[in-house]
Amino acid sequence: MKIIAPSMLSCDFGKLVDEIEMVNQSEADWFHLDIMDGVFVPNITFGTPILEVFKKYATKHLDAHLMIINPENYIEKFASLGAKTITVHYEACDNLINTINQIKKLDVKAGIAINPDTAVSSLESIISEIDLVCLMSVFPGFSGQKFIPETFVKLEKLRQIITKNHSKAMIQIDGGVDLDNAKKLVSLGADILVAGSFVFKSEDAFNTIKKLDSVIN
Ligand code: DX5
Ligand code: ZN
């Protein structure tokens, strides 16, 4: 079973509870929550008050993607707000292994995201310690960007590193995912597809999730 994680950044925040309900009812598996601080990336999104809304209404796995510096200062808070996976950026952590251990101690799945210009080989020494790698297929900061095709090669390399190290890490692809690339991503070893604008800017988000699901599962 491959996982579909709609990125809620692209939803209509004026109808947030309805959007959450729609995802609850849909074929999607996770809620992908993009938290940005305006420092690590040139955009600010949302934080704890919005997480509280998800905690209250969402019935599926909350996947927090932290695009922030000093993520270690916020991990406990996000875990208490119901995040079941917390992903930090390789490029934003001073002590990656400490941060990963901090997440795991809270009984939360620990993920590392890497930017398009970070080599997958950077993860070789830590791959056995983590639950998820988020391979960014756009530069983090905004939804609605074009998928970077070099991601396919990185994905194949990452899958090899995971196999070689007997790691249980799942591979998540984030940015520009749509019906044109979903099938290939899954065939090359992706486990989780994040999709924001492709889902929420479509005419019928519920149906778009269904289509994505039928292509990959
Ligand atoms: C980018 C975010 C992504 C993004 C996905 O910084 O991490 O999750 O919102 O949106 P789309 O699918 O529109 O690229
Ligand atoms: Zn994301």
# chains A, B, ... in the order shown; residues from 1 in each chain; ligands from 1

call {"tool": "residues_near_ligand", "arguments": {"ligand": "ligand 1", "cutoff": "6 Å", "atoms": "only C-alpha atoms and all ligand atoms", "output": "list in words"}}
result
Ser7, Leu9, Asp34, Pro140, Gly141, Phe142, Ser143, Gly144, Gln145, Asp174, Gly175, Gly176, Val177, Ala195, Gly196, Ser197 and Phe198 of chain A

call {"tool": "select_by_dssp", "arguments": {"residues": "stretch 52-144 of chain A", "states": "strand (DSSP E or B)", "output": "PyMOL selection string"}}
result
chain A and resi 61-67+83-89+109-114+132-136

call {"tool": "write_last_selection", "arguments": {"atoms": "C-alpha atoms", "output": "PDB file, in the first residue's frame"}}
result
ATOM      1  CA  HIS A  61      -1.887  10.335  10.540  1.00  0.00           C
ATOM      2  CA  LEU A  62      -0.475  13.861  10.980  1.00  0.00           C
ATOM      3  CA  ASP A  63       2.820  14.271   9.130  1.00  0.00           C
ATOM      4  CA  ALA A  64       4.662  17.445  10.178  1.00  0.00           C
ATOM      5  CA  HIS A  65       7.300  18.707   7.732  1.00  0.00           C
ATOM      6  CA  LEU A  66       9.371  21.271   9.609  1.00  0.00           C
ATOM      7  CA  MET A  67      11.073  23.794   7.359  1.00  0.00           C
ATOM      8  CA  ALA A  83       2.104  14.798  14.983  1.00  0.00           C
ATOM      9  CA  LYS A  84       2.815  11.120  14.334  1.00  0.00           C
ATOM     10  CA  THR A  85       5.719  11.784  12.002  1.00  0.00           C
ATOM     11  CA  ILE A  86       8.077  14.719  12.425  1.00  0.00           C
ATOM     12  CA  THR A  87      10.463  15.455   9.583  1.00  0.00           C
ATOM     13  CA  VAL A  88      13.332  17.892  10.020  1.00  0.00           C
ATOM     14  CA  HIS A  89      15.648  19.217   7.338  1.00  0.00           C
ATOM     15  CA  LYS A 109       8.301   8.560  13.586  1.00  0.00           C
ATOM     16  CA  ALA A 110      11.465  10.463  12.717  1.00  0.00           C
ATOM     17  CA  GLY A 111      12.088  11.776   9.209  1.00  0.00           C
ATOM     18  CA  ILE A 112      14.827  13.711   7.460  1.00  0.00           C
ATOM     19  CA  ALA A 113      14.113  15.885   4.429  1.00  0.00           C
ATOM     20  CA  ILE A 114      16.802  16.780   1.926  1.00  0.00           C
ATOM     21  CA  LEU A 132      11.421   8.298   6.691  1.00  0.00           C
ATOM     22  CA  VAL A 133      13.370  10.257   4.103  1.00  0.00           C
ATOM     23  CA  CYS A 134      11.573  13.137   2.459  1.00  0.00           C
ATOM     24  CA  LEU A 135      13.150  13.681  -0.929  1.00  0.00           C
ATOM     25  CA  MET A 136      12.318  17.237  -1.934  1.00  0.00           C
TER      26      MET A 136
END

call {"tool": "atom_distance", "arguments": {"atom1": "atom CA of A:Ala79", "atom2": "atom CA of A:Asn98"}}
result
16.2 Å

call {"tool": "closest_residue", "arguments": {"among": "A:Val153, A:Ile44, A:Met36, A:Ile209", "to": "ligand 2", "atoms": "only C-alpha atoms and all ligand atoms"}}
result
A:Met36

call {"tool": "atom_distance", "arguments": {"atom1": "atom CA of A:Ile162", "atom2": "atom CA of A:Glu124"}}
result
8.3 Å

call {"tool": "residues_around", "arguments": {"residues": "A:Val199", "least_positions_apart": "3", "cutoff": "12 Å", "atoms": "only C-alpha atoms", "output": "ChimeraX atom specification"}}
result
/A:4-12,19,22-23,26,28,143-144,176-179,193-196,202-213

call {"tool": "closest_residue", "arguments": {"among": "A:Glu150, A:Asp180, A:Asp131, A:Glu91", "to": "A:Ser167", "atoms": "only C-alpha atoms"}}
result
A:Asp131

call {"tool": "closest_residue", "arguments": {"among": "A:Met170, A:Ala58, A:Ala92, A:Phe78", "to": "A:Val39", "atoms": "only C-alpha atoms"}}
result
A:Ala92

call {"tool": "closest_residue", "arguments": {"among": "A:His166, A:Lys105, A:Lys183, A:His32", "to": "ligand 2", "atoms": "only C-alpha atoms and all ligand atoms"}}
result
A:His32

call {"tool": "atom_distance", "arguments": {"atom1": "atom CA of A:Val215", "atom2": "atom CA of A:Met1"}}
result
11.8 Å

call {"tool": "closest_residue", "arguments": {"among": "A:Ile127, A:Leu33, A:Leu185, A:Asn24", "to": "ligand 2", "atoms": "only C-alpha atoms and all ligand atoms"}}
result
A:Leu33

call {"tool": "select_by_dssp", "arguments": {"residues": "stretch 15-207 of chain A", "states": "alpha helix (DSSP H)", "output": "ChimeraX atom specification"}}
result
/A:16-25,48-57,75-80,96-105,151-164,182-187,197-200,205-207

call {"tool": "residues_around", "arguments": {"residues": "A:Lys164", "least_positions_apart": "4", "cutoff": "12 Å", "atoms": "only C-alpha atoms", "output": "list in words"}}
result
Glu124, Ser125, Ile127, Ser128, Lys157, Leu158, Arg159, Gln160, Lys168 and Ala169 of chain A

call {"tool": "write_last_selection", "arguments": {"atoms": "all heavy atoms", "output": "short mmCIF file (atom, residue, chain, number, x, y, z; two decimals), in the first residue's frame"}}
result
data_model
loop_
_atom_site.label_atom_id
_atom_site.label_comp_id
_atom_site.auth_asym_id
_atom_site.auth_seq_id
_atom_site.Cartn_x
_atom_site.Cartn_y
_atom_site.Cartn_z
N GLU A 124 23.76 8.39 4.30
CA GLU A 124 24.24 7.01 4.44
C GLU A 124 24.48 6.61 5.91
O GLU A 124 24.06 5.54 6.34
CB GLU A 124 25.51 6.82 3.60
CG GLU A 124 25.96 5.40 3.49
CD GLU A 124 25.98 4.84 2.06
OE1 GLU A 124 26.27 5.59 1.11
OE2 GLU A 124 25.68 3.64 1.93
N SER A 125 25.11 7.50 6.69
CA SER A 125 25.49 7.11 8.06
C SER A 125 24.30 7.11 9.03
O SER A 125 24.38 6.54 10.11
CB SER A 125 26.58 8.05 8.59
OG SER A 125 26.07 9.36 8.61
N ILE A 127 20.94 6.47 7.95
CA ILE A 127 19.74 5.87 7.33
C ILE A 127 19.11 4.76 8.17
O ILE A 127 17.89 4.57 8.14
CB ILE A 127 20.07 5.38 5.88
CG1 ILE A 127 18.78 5.20 5.07
CG2 ILE A 127 20.90 4.11 5.87
CD1 ILE A 127 18.14 6.44 4.59
N SER A 128 19.92 4.05 8.95
CA SER A 128 19.37 2.95 9.75
C SER A 128 18.64 3.45 10.99
O SER A 128 17.96 2.68 11.66
CB SER A 128 20.48 2.00 10.19
OG SER A 128 21.23 1.64 9.08
N LYS A 157 18.93 6.03 -6.29
CA LYS A 157 20.13 5.92 -5.43
C LYS A 157 19.72 5.73 -3.98
O LYS A 157 20.30 4.93 -3.25
CB LYS A 157 20.98 7.19 -5.55
CG LYS A 157 21.78 7.25 -6.82
CD LYS A 157 22.81 8.38 -6.75
CE LYS A 157 23.43 8.60 -8.11
NZ LYS A 157 23.77 10.00 -8.36
N LEU A 158 18.71 6.48 -3.56
CA LEU A 158 18.26 6.39 -2.17
C LEU A 158 17.72 4.99 -1.88
O LEU A 158 18.00 4.41 -0.82
CB LEU A 158 17.19 7.46 -1.89
CG LEU A 158 16.57 7.46 -0.51
CD1 LEU A 158 17.63 7.66 0.58
CD2 LEU A 158 15.50 8.56 -0.40
N ARG A 159 16.96 4.45 -2.81
CA ARG A 159 16.41 3.10 -2.61
C ARG A 159 17.55 2.09 -2.43
O ARG A 159 17.50 1.22 -1.58
CB ARG A 159 15.51 2.76 -3.81
CG ARG A 159 14.73 1.48 -3.78
CD ARG A 159 14.12 1.08 -2.47
NE ARG A 159 12.91 1.79 -2.09
CZ ARG A 159 12.40 1.81 -0.84
NH1 ARG A 159 13.00 1.17 0.14
NH2 ARG A 159 11.31 2.49 -0.57
N GLN A 160 18.63 2.27 -3.22
CA GLN A 160 19.79 1.37 -3.09
C GLN A 160 20.45 1.51 -1.71
O GLN A 160 20.81 0.52 -1.08
CB GLN A 160 20.83 1.68 -4.17
CG GLN A 160 20.45 1.16 -5.54
CD GLN A 160 21.33 1.74 -6.66
OE1 GLN A 160 22.34 2.40 -6.39
NE2 GLN A 160 20.94 1.51 -7.89
N LYS A 168 14.72 0.54 7.46
CA LYS A 168 13.26 0.43 7.29
C LYS A 168 12.67 1.77 6.84
O LYS A 168 11.45 1.94 6.78
CB LYS A 168 12.61 -0.01 8.61
CG LYS A 168 12.85 0.96 9.75
CD LYS A 168 12.11 0.50 11.01
CE LYS A 168 12.19 1.47 12.18
NZ LYS A 168 13.43 2.18 12.43
N ALA A 169 13.54 2.72 6.53
CA ALA A 169 13.06 4.07 6.18
C ALA A 169 12.15 4.05 4.95
O ALA A 169 12.45 3.41 3.95
CB ALA A 169 14.24 4.99 5.94
#

call {"tool": "closest_residue", "arguments": {"among": "A:Gln25, A:Ile75, A:Thr45, A:Leu106", "to": "ligand 2", "atoms": "only C-alpha atoms and all ligand atoms"}}
result
A:Thr45
